[in-house]
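Structure file upload-v1.cif with mmCIF, C-alpha atoms; chains and numbers go by the auth columns:
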```cif
data_start
loop_
_atom_site.group_PDB
_atom_site.id
_atom_site.type_symbol
_atom_site.label_atom_id
_atom_site.label_comp_id
_atom_site.label_asym_id
_atom_site.label_seq_id
_atom_site.Cartn_x
_atom_site.Cartn_y
_atom_site.Cartn_z
_atom_site.B_iso_or_equiv
_atom_site.auth_seq_id
_atom_site.auth_asym_id
ATOM 1 C CA MET A 1 -38.955 44.767 9.202 0.00 1 A
ATOM 2 C CA THR A 2 -41.899 44.094 6.908 0.00 2 A
ATOM 3 C CA LYS A 3 -41.651 46.000 3.644 0.00 3 A
ATOM 4 C CA THR A 4 -44.536 48.281 2.739 0.00 4 A
ATOM 5 C CA ASN A 5 -45.989 48.749 -0.746 0.00 5 A
ATOM 6 C CA ALA A 6 -44.187 52.097 -0.976 0.00 6 A
ATOM 7 C CA VAL A 7 -40.818 50.466 -0.237 0.00 7 A
ATOM 8 C CA ARG A 8 -41.428 47.563 -2.637 0.00 8 A
ATOM 9 C CA LEU A 9 -42.506 49.895 -5.466 0.00 9 A
ATOM 10 C CA LEU A 10 -39.465 52.169 -5.132 0.00 10 A
ATOM 11 C CA GLU A 11 -37.067 49.244 -4.861 0.00 11 A
ATOM 12 C CA SER A 12 -38.607 47.461 -7.851 0.00 12 A
ATOM 13 C CA ALA A 13 -38.170 50.681 -9.871 0.00 13 A
ATOM 14 C CA GLY A 14 -34.453 50.595 -9.017 0.00 14 A
ATOM 15 C CA ILE A 15 -34.646 53.795 -6.971 0.00 15 A
ATOM 16 C CA ALA A 16 -32.053 54.158 -4.211 0.00 16 A
ATOM 17 C CA ILE A 17 -33.755 54.659 -0.858 0.00 17 A
ATOM 18 C CA ARG A 18 -32.818 54.596 2.799 0.00 18 A
ATOM 19 C CA LEU A 19 -35.324 53.361 5.385 0.00 19 A
ATOM 20 C CA LEU A 20 -35.608 55.424 8.559 0.00 20 A
ATOM 21 C CA GLU A 21 -37.552 54.017 11.495 0.00 21 A
ATOM 22 C CA TYR A 22 -38.638 56.125 14.469 0.00 22 A
ATOM 23 C CA PRO A 23 -40.420 55.316 17.739 0.00 23 A
ATOM 24 C CA VAL A 24 -44.157 56.013 17.962 0.00 24 A
ATOM 25 C CA ASP A 25 -44.912 54.901 21.519 0.00 25 A
ATOM 26 C CA ASP A 26 -45.112 58.536 22.681 0.00 26 A
ATOM 27 C CA GLY A 27 -47.940 59.215 20.190 0.00 27 A
ATOM 28 C CA ARG A 28 -46.006 62.039 18.502 0.00 28 A
ATOM 29 C CA ILE A 29 -46.288 61.254 14.800 0.00 29 A
ATOM 30 C CA ASP A 30 -46.577 64.713 13.258 0.00 30 A
ATOM 31 C CA ALA A 31 -43.945 65.721 10.713 0.00 31 A
ATOM 32 C CA LEU A 32 -42.086 68.069 13.083 0.00 32 A
ATOM 33 C CA ALA A 33 -41.833 65.345 15.748 0.00 33 A
ATOM 34 C CA ILE A 34 -40.564 62.920 13.099 0.00 34 A
ATOM 35 C CA ALA A 35 -37.854 65.411 12.082 0.00 35 A
ATOM 36 C CA GLU A 36 -36.765 65.636 15.711 0.00 36 A
ATOM 37 C CA LYS A 37 -36.771 61.854 16.182 0.00 37 A
ATOM 38 C CA LEU A 38 -34.787 61.262 13.003 0.00 38 A
ATOM 39 C CA GLY A 39 -32.358 64.115 13.656 0.00 39 A
ATOM 40 C CA GLU A 40 -33.222 65.679 10.312 0.00 40 A
ATOM 41 C CA PRO A 41 -33.956 69.351 9.609 0.00 41 A
ATOM 42 C CA PRO A 42 -37.734 69.950 9.302 0.00 42 A
ATOM 43 C CA ASP A 43 -37.173 71.337 5.782 0.00 43 A
ATOM 44 C CA ARG A 44 -36.097 67.847 4.672 0.00 44 A
ATOM 45 C CA ILE A 45 -39.068 65.971 6.195 0.00 45 A
ATOM 46 C CA PHE A 46 -42.078 66.127 3.885 0.00 46 A
ATOM 47 C CA LYS A 47 -45.699 65.315 4.717 0.00 47 A
ATOM 48 C CA THR A 48 -48.217 63.934 2.239 0.00 48 A
ATOM 49 C CA LEU A 49 -51.562 65.750 2.090 0.00 49 A
ATOM 50 C CA VAL A 50 -54.609 64.560 0.168 0.00 50 A
ATOM 51 C CA THR A 51 -57.161 67.047 -1.134 0.00 51 A
ATOM 52 C CA HIS A 52 -60.229 67.134 -3.334 0.00 52 A
ATOM 53 C CA GLY A 53 -61.661 69.612 -5.790 0.00 53 A
ATOM 54 C CA ALA A 54 -64.677 68.940 -7.949 0.00 54 A
ATOM 55 C CA PRO A 55 -66.576 65.741 -7.075 0.00 55 A
ATOM 56 C CA GLY A 56 -64.332 62.763 -7.768 0.00 56 A
ATOM 57 C CA SER A 57 -61.195 64.877 -8.249 0.00 57 A
ATOM 58 C CA TYR A 58 -58.389 64.162 -5.804 0.00 58 A
ATOM 59 C CA TYR A 59 -54.921 65.676 -5.600 0.00 59 A
ATOM 60 C CA VAL A 60 -51.827 64.845 -3.552 0.00 60 A
ATOM 61 C CA PHE A 61 -49.408 67.477 -2.267 0.00 61 A
ATOM 62 C CA VAL A 62 -46.060 66.774 -0.595 0.00 62 A
ATOM 63 C CA VAL A 63 -44.823 69.690 1.528 0.00 63 A
ATOM 64 C CA PRO A 64 -42.118 70.284 4.177 0.00 64 A
ATOM 65 C CA ALA A 65 -42.943 69.514 7.810 0.00 65 A
ATOM 66 C CA ALA A 66 -43.103 73.130 8.978 0.00 66 A
ATOM 67 C CA THR A 67 -45.022 74.333 5.914 0.00 67 A
ATOM 68 C CA GLU A 68 -48.764 74.744 5.630 0.00 68 A
ATOM 69 C CA LEU A 69 -50.277 73.890 2.267 0.00 69 A
ATOM 70 C CA ASP A 70 -51.527 77.088 0.606 0.00 70 A
ATOM 71 C CA LEU A 71 -54.823 75.891 -0.884 0.00 71 A
ATOM 72 C CA ARG A 72 -54.886 78.696 -3.465 0.00 72 A
ATOM 73 C CA LYS A 73 -51.390 77.846 -4.704 0.00 73 A
ATOM 74 C CA ALA A 74 -52.303 74.158 -4.704 0.00 74 A
ATOM 75 C CA ALA A 75 -55.475 74.791 -6.732 0.00 75 A
ATOM 76 C CA ARG A 76 -53.471 76.912 -9.180 0.00 76 A
ATOM 77 C CA ALA A 77 -50.911 74.111 -9.563 0.00 77 A
ATOM 78 C CA ALA A 78 -53.724 71.598 -10.121 0.00 78 A
ATOM 79 C CA GLY A 79 -55.471 73.884 -12.614 0.00 79 A
ATOM 80 C CA THR A 80 -58.739 73.864 -10.693 0.00 80 A
ATOM 81 C CA LYS A 81 -60.884 76.561 -9.137 0.00 81 A
ATOM 82 C CA SER A 82 -60.530 75.419 -5.530 0.00 82 A
ATOM 83 C CA ILE A 83 -59.478 72.485 -3.403 0.00 83 A
ATOM 84 C CA GLU A 84 -59.803 71.488 0.232 0.00 84 A
ATOM 85 C CA MET A 85 -58.383 68.817 2.492 0.00 85 A
ATOM 86 C CA ILE A 86 -60.283 65.537 2.453 0.00 86 A
ATOM 87 C CA PRO A 87 -62.000 64.521 5.701 0.00 87 A
ATOM 88 C CA LEU A 88 -59.682 62.279 7.748 0.00 88 A
ATOM 89 C CA LYS A 89 -62.195 59.402 7.637 0.00 89 A
ATOM 90 C CA GLN A 90 -61.772 59.246 3.834 0.00 90 A
ATOM 91 C CA LEU A 91 -57.979 58.863 3.927 0.00 91 A
ATOM 92 C CA LEU A 92 -57.758 55.086 4.491 0.00 92 A
ATOM 93 C CA PRO A 93 -60.518 54.050 2.053 0.00 93 A
ATOM 94 C CA LEU A 94 -59.198 56.397 -0.639 0.00 94 A
ATOM 95 C CA THR A 95 -55.436 55.851 -0.340 0.00 95 A
ATOM 96 C CA GLY A 96 -54.982 52.645 1.641 0.00 96 A
ATOM 97 C CA TYR A 97 -52.946 54.594 4.190 0.00 97 A
ATOM 98 C CA VAL A 98 -53.688 55.806 7.719 0.00 98 A
ATOM 99 C CA HIS A 99 -53.068 59.295 9.094 0.00 99 A
ATOM 100 C CA GLY A 100 -49.362 59.592 9.942 0.00 100 A
ATOM 101 C CA GLY A 101 -48.427 56.826 7.521 0.00 101 A
ATOM 102 C CA CYS A 102 -49.641 58.240 4.206 0.00 102 A
ATOM 103 C CA SER A 103 -46.984 57.914 1.529 0.00 103 A
ATOM 104 C CA PRO A 104 -47.109 59.556 -1.893 0.00 104 A
ATOM 105 C CA VAL A 105 -45.971 56.169 -3.239 0.00 105 A
ATOM 106 C CA GLY A 106 -48.249 53.145 -3.518 0.00 106 A
ATOM 107 C CA MET A 107 -51.696 54.621 -2.952 0.00 107 A
ATOM 108 C CA LYS A 108 -54.676 52.489 -4.007 0.00 108 A
ATOM 109 C CA LYS A 109 -55.074 54.718 -7.071 0.00 109 A
ATOM 110 C CA SER A 110 -52.730 57.109 -8.793 0.00 110 A
ATOM 111 C CA PHE A 111 -53.644 60.747 -8.175 0.00 111 A
ATOM 112 C CA PRO A 112 -52.145 63.907 -9.678 0.00 112 A
ATOM 113 C CA THR A 113 -49.265 64.781 -7.346 0.00 113 A
ATOM 114 C CA TRP A 114 -47.148 67.864 -6.682 0.00 114 A
ATOM 115 C CA ILE A 115 -44.060 68.226 -4.516 0.00 115 A
ATOM 116 C CA ASP A 116 -43.115 71.577 -3.022 0.00 116 A
ATOM 117 C CA GLU A 117 -40.339 73.098 -5.118 0.00 117 A
ATOM 118 C CA THR A 118 -38.067 73.469 -2.066 0.00 118 A
ATOM 119 C CA ALA A 119 -37.450 69.713 -2.308 0.00 119 A
ATOM 120 C CA ILE A 120 -35.065 70.247 -5.215 0.00 120 A
ATOM 121 C CA LEU A 121 -32.695 72.083 -2.875 0.00 121 A
ATOM 122 C CA PHE A 122 -31.818 68.736 -1.246 0.00 122 A
ATOM 123 C CA ASP A 123 -30.044 65.615 -2.415 0.00 123 A
ATOM 124 C CA TYR A 124 -32.698 63.641 -0.500 0.00 124 A
ATOM 125 C CA ILE A 125 -35.971 64.276 1.283 0.00 125 A
ATOM 126 C CA CYS A 126 -37.863 62.050 3.692 0.00 126 A
ATOM 127 C CA VAL A 127 -41.461 60.959 3.109 0.00 127 A
ATOM 128 C CA SER A 128 -43.655 58.426 4.839 0.00 128 A
ATOM 129 C CA GLY A 129 -42.754 54.867 4.072 0.00 129 A
ATOM 130 C CA GLY A 130 -46.363 53.731 4.122 0.00 130 A
ATOM 131 C CA ARG A 131 -46.812 53.075 7.818 0.00 131 A
ATOM 132 C CA VAL A 132 -46.531 55.033 11.039 0.00 132 A
ATOM 133 C CA GLY A 133 -42.948 54.730 12.291 0.00 133 A
ATOM 134 C CA LEU A 134 -41.257 54.479 8.883 0.00 134 A
ATOM 135 C CA ASN A 135 -39.881 57.167 6.587 0.00 135 A
ATOM 136 C CA ILE A 136 -38.055 56.801 3.297 0.00 136 A
ATOM 137 C CA ALA A 137 -35.094 58.993 2.336 0.00 137 A
ATOM 138 C CA VAL A 138 -35.158 59.445 -1.434 0.00 138 A
ATOM 139 C CA ALA A 139 -33.851 61.889 -4.041 0.00 139 A
ATOM 140 C CA PRO A 140 -36.682 64.331 -4.837 0.00 140 A
ATOM 141 C CA GLU A 141 -36.322 63.905 -8.606 0.00 141 A
ATOM 142 C CA GLU A 142 -36.476 60.109 -8.229 0.00 142 A
ATOM 143 C CA LEU A 143 -39.597 60.384 -6.054 0.00 143 A
ATOM 144 C CA ALA A 144 -41.220 62.712 -8.581 0.00 144 A
ATOM 145 C CA GLY A 145 -40.465 60.282 -11.386 0.00 145 A
ATOM 146 C CA ALA A 146 -41.858 57.346 -9.428 0.00 146 A
ATOM 147 C CA VAL A 147 -45.232 58.989 -8.784 0.00 147 A
ATOM 148 C CA GLY A 148 -45.460 61.241 -11.847 0.00 148 A
ATOM 149 C CA ALA A 149 -45.246 64.358 -9.668 0.00 149 A
ATOM 150 C CA ARG A 150 -44.467 67.904 -10.669 0.00 150 A
ATOM 151 C CA PHE A 151 -42.721 70.530 -8.569 0.00 151 A
ATOM 152 C CA ALA A 152 -44.565 73.729 -7.590 0.00 152 A
ATOM 153 C CA ASP A 153 -44.628 76.529 -5.037 0.00 153 A
ATOM 154 C CA LEU A 154 -47.165 75.134 -2.540 0.00 154 A
ATOM 155 C CA GLY A 155 -46.393 76.544 0.895 0.00 155 A
ATOM 156 C CA THR A 156 -47.548 79.521 2.888 0.00 156 A
#
```

With the file now loaded, output its structure as C-alpha coordinates.
Amino acid sequence: MTKTNAVRLLESAGIAIRLLEYPVDDGRIDALAIAEKLGEPPDRIFKTLVTHGAPGSYYVFVVPAATELDLRKAARAAGTKSIEMIPLKQLLPLTGYVHGGCSPVGMKKSFPTWIDETAILFDYICVSGGRVGLNIAVAPEELAGAVGARFADLGT
(Lines of atoms letter the chains of each structure in order from A and count residues from 1; the text may use other names and numbers.)
(Lines give C-alpha, C1' and ligand atoms only; values in the text may rest on other atoms or scores of the structure.)
Protein backbone atom coordinates (compact mmCIF):
# COMPACT_ATOMS: atom_id res chain seq x y z
CA MET A 1 0.00 0.00 0.00
CA THR A 2 1.27 3.45 -0.93
CA LYS A 3 1.39 5.79 2.05
CA THR A 4 -0.53 9.04 1.79
CA ASN A 5 0.64 12.42 3.08
CA ALA A 6 -1.76 12.06 6.02
CA VAL A 7 -0.22 8.71 7.01
CA ARG A 8 3.36 9.97 6.59
CA LEU A 9 2.69 13.11 8.65
CA LEU A 10 1.10 11.22 11.55
CA GLU A 11 3.81 8.56 11.55
CA SER A 12 6.60 11.15 11.42
CA ALA A 13 5.01 12.89 14.43
CA GLY A 14 5.25 9.59 16.33
CA ILE A 15 1.47 9.22 16.57
CA ALA A 16 0.17 5.66 16.84
CA ILE A 17 -2.27 4.92 14.03
CA ARG A 18 -3.95 1.91 12.49
CA LEU A 19 -4.66 1.83 8.75
CA LEU A 20 -8.08 0.54 7.73
CA GLU A 21 -8.73 -0.22 4.07
CA TYR A 22 -12.21 -0.78 2.65
CA PRO A 23 -13.52 -1.73 -0.80
CA VAL A 24 -14.83 1.05 -3.04
CA ASP A 25 -15.86 -0.90 -6.14
CA ASP A 26 -19.54 -0.60 -5.19
CA GLY A 27 -19.29 3.22 -5.27
CA ARG A 28 -20.48 3.55 -1.65
CA ILE A 29 -17.95 5.90 -0.07
CA ASP A 30 -20.11 7.92 2.31
CA ALA A 31 -19.21 7.83 5.99
CA LEU A 32 -22.10 5.54 6.98
CA ALA A 33 -21.15 3.01 4.28
CA ILE A 34 -17.53 3.16 5.47
CA ALA A 35 -18.66 2.41 9.04
CA GLU A 36 -20.54 -0.63 7.76
CA LYS A 37 -17.61 -1.84 5.66
CA LEU A 38 -15.14 -1.45 8.51
CA GLY A 39 -17.48 -2.95 11.11
CA GLU A 40 -17.21 0.17 13.24
CA PRO A 41 -20.05 2.05 14.94
CA PRO A 42 -21.02 5.18 12.93
CA ASP A 43 -20.27 7.32 16.01
CA ARG A 44 -16.59 6.38 15.67
CA ILE A 45 -16.29 7.15 11.93
CA PHE A 46 -15.72 10.86 11.37
CA LYS A 47 -16.06 12.81 8.12
CA THR A 48 -14.03 15.89 7.24
CA LEU A 49 -16.03 18.89 6.01
CA VAL A 50 -14.53 22.06 4.55
CA THR A 51 -16.37 25.37 4.83
CA HIS A 52 -15.81 29.03 4.14
CA GLY A 53 -16.85 32.24 5.82
CA ALA A 54 -15.67 35.66 4.77
CA PRO A 55 -13.74 35.73 1.47
CA GLY A 56 -10.51 33.79 1.90
CA SER A 57 -11.53 32.29 5.26
CA TYR A 58 -11.73 28.51 5.34
CA TYR A 59 -12.54 26.20 8.23
CA VAL A 60 -12.39 22.42 8.67
CA PHE A 61 -14.87 20.47 10.78
CA VAL A 62 -14.60 16.78 11.67
CA VAL A 63 -17.94 15.24 12.66
CA PRO A 64 -19.37 11.72 13.19
CA ALA A 65 -20.73 9.85 10.17
CA ALA A 66 -24.40 10.11 11.14
CA THR A 67 -24.14 13.75 12.24
CA GLU A 68 -24.96 16.79 10.15
CA LEU A 69 -22.75 19.82 10.69
CA ASP A 70 -24.78 22.56 12.38
CA LEU A 71 -23.55 25.64 10.50
CA ARG A 72 -24.58 28.00 13.32
CA LYS A 73 -22.65 26.00 15.91
CA ALA A 74 -19.70 25.77 13.53
CA ALA A 75 -19.71 29.54 12.93
CA ARG A 76 -19.90 30.12 16.69
CA ALA A 77 -16.93 27.79 17.24
CA ALA A 78 -14.99 29.61 14.50
CA GLY A 79 -15.91 33.02 15.91
CA THR A 80 -17.42 34.22 12.64
CA LYS A 81 -20.84 35.47 11.64
CA SER A 82 -21.68 32.66 9.23
CA ILE A 83 -20.15 29.83 7.26
CA GLU A 84 -21.24 27.53 4.46
CA MET A 85 -19.93 24.41 2.79
CA ILE A 86 -17.46 25.04 -0.02
CA PRO A 87 -18.57 24.01 -3.52
CA LEU A 88 -17.36 20.46 -4.27
CA LYS A 89 -15.30 21.68 -7.25
CA GLN A 90 -13.13 23.73 -4.84
CA LEU A 91 -12.24 20.78 -2.59
CA LEU A 92 -9.32 19.34 -4.60
CA PRO A 93 -7.64 22.66 -5.50
CA LEU A 94 -8.01 23.96 -1.94
CA THR A 95 -7.09 20.86 0.09
CA GLY A 96 -5.34 18.50 -2.31
CA TYR A 97 -7.96 15.87 -1.51
CA VAL A 98 -10.92 14.48 -3.46
CA HIS A 99 -14.47 14.01 -2.16
CA GLY A 100 -14.55 10.82 -0.08
CA GLY A 101 -10.82 10.98 0.60
CA CYS A 102 -10.49 14.31 2.41
CA SER A 103 -8.40 13.96 5.55
CA PRO A 104 -8.03 16.61 8.24
CA VAL A 105 -4.31 15.79 8.13
CA GLY A 106 -1.99 16.91 5.33
CA MET A 107 -4.09 19.45 3.46
CA LYS A 108 -2.24 21.80 1.08
CA LYS A 109 -2.60 24.56 3.68
CA SER A 110 -3.33 24.50 7.37
CA PHE A 111 -6.86 25.68 8.17
CA PRO A 112 -8.49 26.29 11.56
CA THR A 113 -9.96 22.91 12.52
CA TRP A 114 -12.55 21.68 15.01
CA ILE A 115 -13.47 18.13 15.96
CA ASP A 116 -16.90 17.31 17.33
CA GLU A 117 -16.64 16.95 21.10
CA THR A 118 -18.16 13.45 21.00
CA ALA A 119 -14.77 12.23 19.73
CA ILE A 120 -13.33 12.43 23.24
CA LEU A 121 -15.69 9.66 24.32
CA PHE A 122 -13.58 7.17 22.34
CA ASP A 123 -10.06 5.84 22.67
CA TYR A 124 -9.83 6.11 18.86
CA ILE A 125 -11.82 7.55 15.99
CA CYS A 126 -11.50 6.88 12.27
CA VAL A 127 -10.87 9.64 9.72
CA SER A 128 -10.00 9.54 6.06
CA GLY A 129 -6.46 8.50 5.37
CA GLY A 130 -6.12 10.85 2.43
CA ARG A 131 -7.55 8.69 -0.33
CA VAL A 132 -10.82 6.93 -1.06
CA GLY A 133 -10.62 3.43 0.41
CA LEU A 134 -8.38 4.26 3.38
CA ASN A 135 -9.22 5.35 6.91
CA ILE A 136 -6.92 5.99 9.84
CA ALA A 137 -7.78 4.95 13.40
CA VAL A 138 -6.22 7.48 15.76
CA ALA A 139 -6.71 8.76 19.31
CA PRO A 140 -8.82 11.94 19.09
CA GLU A 141 -6.45 13.95 21.31
CA GLU A 142 -3.48 12.90 19.15
CA LEU A 143 -5.35 13.90 15.98
CA ALA A 144 -6.27 17.25 17.51
CA GLY A 145 -2.65 17.87 18.45
CA ALA A 146 -1.42 16.95 14.98
CA VAL A 147 -3.69 19.43 13.19
CA GLY A 148 -4.04 22.08 15.91
CA ALA A 149 -7.75 21.31 16.29
CA ARG A 150 -10.08 22.23 19.10
CA PHE A 151 -13.09 20.26 20.30
CA ALA A 152 -16.59 21.78 20.07
CA ASP A 153 -20.27 20.90 19.90
CA LEU A 154 -20.80 20.86 16.12
CA GLY A 155 -23.63 18.47 15.32
CA THR A 156 -27.35 18.79 14.84

For the provided coordinates, the residues matched by the PyMOL selection byres ((chain A and resi 81) around 12) should be stated as an MDAnalysis selection string.
chainID A and resid 52:54 57 71:80 82:84

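Omitting Leu94 in chain A and its sequence neighbours fewer than 2 positions away, and counting only C-alpha atoms, the residues within 9 Å are Gln90, Leu91, Leu92, Gly96, Tyr97, Met107, Lys108 and Lys109 of chain A.
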
In terms of only C-alpha atoms, the residue from A:Pro55, A:Gly101, A:Gly145, A:Pro112 at minimal distance from Gly130 in chain A is A:Gly101

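CA of Pro140 in chain A to CA of Leu121 in chain A spans 8.9 Å [interatomic distance, one decimal].
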
Evaluate the PyMOL selection byres ((chain A and resi 117) around 7) on the structure here and hand back the selected residues as an mmCIF file with C-alpha atoms, keeping the file's coordinate frame.
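Ended up saving to out-v6.cif:
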```cif
data_model
loop_
_atom_site.group_PDB
_atom_site.id
_atom_site.type_symbol
_atom_site.label_atom_id
_atom_site.label_comp_id
_atom_site.auth_asym_id
_atom_site.auth_seq_id
_atom_site.Cartn_x
_atom_site.Cartn_y
_atom_site.Cartn_z
ATOM 1 C CA ILE A 115 -44.060 68.226 -4.516
ATOM 2 C CA ASP A 116 -43.115 71.577 -3.022
ATOM 3 C CA THR A 118 -38.067 73.469 -2.066
ATOM 4 C CA ALA A 119 -37.450 69.713 -2.308
ATOM 5 C CA ILE A 120 -35.065 70.247 -5.215
ATOM 6 C CA PHE A 151 -42.721 70.530 -8.569
ATOM 7 C CA ALA A 152 -44.565 73.729 -7.590
ATOM 8 C CA ASP A 153 -44.628 76.529 -5.037
#
```

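Taken over the shown file, the PyMOL selection byres ((chain A and resi 138) around 9) identifies Ile15, Ala16, Ile17, Arg18, Asp123, Tyr124, Ile125, Cys126, Val127, Ile136, Ala137, Ala139, Pro140, Glu141, Glu142 and Leu143 of chain A.
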
Residue subset to file, keeping C-alpha atoms, as a PDB file, in the coordinates of the input:
```
ATOM      1  CA  ILE A  15     -34.646  53.795  -6.971  1.00  0.00           C
ATOM      2  CA  ALA A  16     -32.053  54.158  -4.211  1.00  0.00           C
ATOM      3  CA  ILE A  17     -33.755  54.659  -0.858  1.00  0.00           C
ATOM      4  CA  ARG A  18     -32.818  54.596   2.799  1.00  0.00           C
ATOM      5  CA  ASP A 123     -30.044  65.615  -2.415  1.00  0.00           C
ATOM      6  CA  TYR A 124     -32.698  63.641  -0.500  1.00  0.00           C
ATOM      7  CA  ILE A 125     -35.971  64.276   1.283  1.00  0.00           C
ATOM      8  CA  CYS A 126     -37.863  62.050   3.692  1.00  0.00           C
ATOM      9  CA  VAL A 127     -41.461  60.959   3.109  1.00  0.00           C
ATOM     10  CA  ILE A 136     -38.055  56.801   3.297  1.00  0.00           C
ATOM     11  CA  ALA A 137     -35.094  58.993   2.336  1.00  0.00           C
ATOM     12  CA  ALA A 139     -33.851  61.889  -4.041  1.00  0.00           C
ATOM     13  CA  PRO A 140     -36.682  64.331  -4.837  1.00  0.00           C
ATOM     14  CA  GLU A 141     -36.322  63.905  -8.606  1.00  0.00           C
ATOM     15  CA  GLU A 142     -36.476  60.109  -8.229  1.00  0.00           C
ATOM     16  CA  LEU A 143     -39.597  60.384  -6.054  1.00  0.00           C
TER      17      LEU A 143
END
```

Point-to-point distance in Å for CA of Gly133 in chain A and CA of Thr4 in chain A
11.6 Å

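Take CA of Leu9 in chain A and CA of Ser128 in chain A: the distance between them is 13.4 Å.
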
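The protein and nucleic acid residues lying at most 12 Å from Gly39 in chain A are Leu20, Glu21, Tyr22, Leu32, Ala33, Ile34, Ala35, Asp43, Arg44, Ile45 and Cys126 of chain A, with all atoms listed in the file considered and sequence neighbours fewer than 4 positions away removed.
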
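Counting only C-alpha atoms and comparing A:Ala149, A:Val105, A:Leu69, A:Leu49, the residue that lies closest to Leu88 in chain A is A:Leu49.
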
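Closest approach to Leu10 in chain A among A:Gly27, A:Gly155, A:Gly148, A:Gly106: A:Gly106, based on all atoms listed in the file.
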
Within 6 Å of file point (-48.6, 67.4, -2.7), counting only C-alpha atoms, expressed as a PyMOL selection string
chain A and resi 49+60-62+113-115

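With all atoms listed in the file as the atoms that count, the minimum distance from Pro87 in chain A to the choices A:Val50, A:Ala146, A:Val7, A:Leu38 is reached by A:Val50.
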
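With all atoms listed in the file as the atoms that count, the minimum distance from Tyr58 in chain A to the choices A:Gly14, A:Ser103, A:Lys89, A:Phe111 is reached by A:Phe111.
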
Restricting the calculation to all atoms listed in the file: of A:Met85, A:Asp70, A:Glu11, A:Lys47, which residue gets closest to Pro104 in chain A?
A:Lys47

So for range 122-132 of chain A, what box centre and size do we get, axis-aligned, 4 Å extra on each of the six sides, every listed atom, Å to one decimal, as JSON?
```
{"center_x": -38.4, "center_y": 60.9, "center_z": 4.3, "size_x": 24.8, "size_y": 23.7, "size_z": 21.5}
```
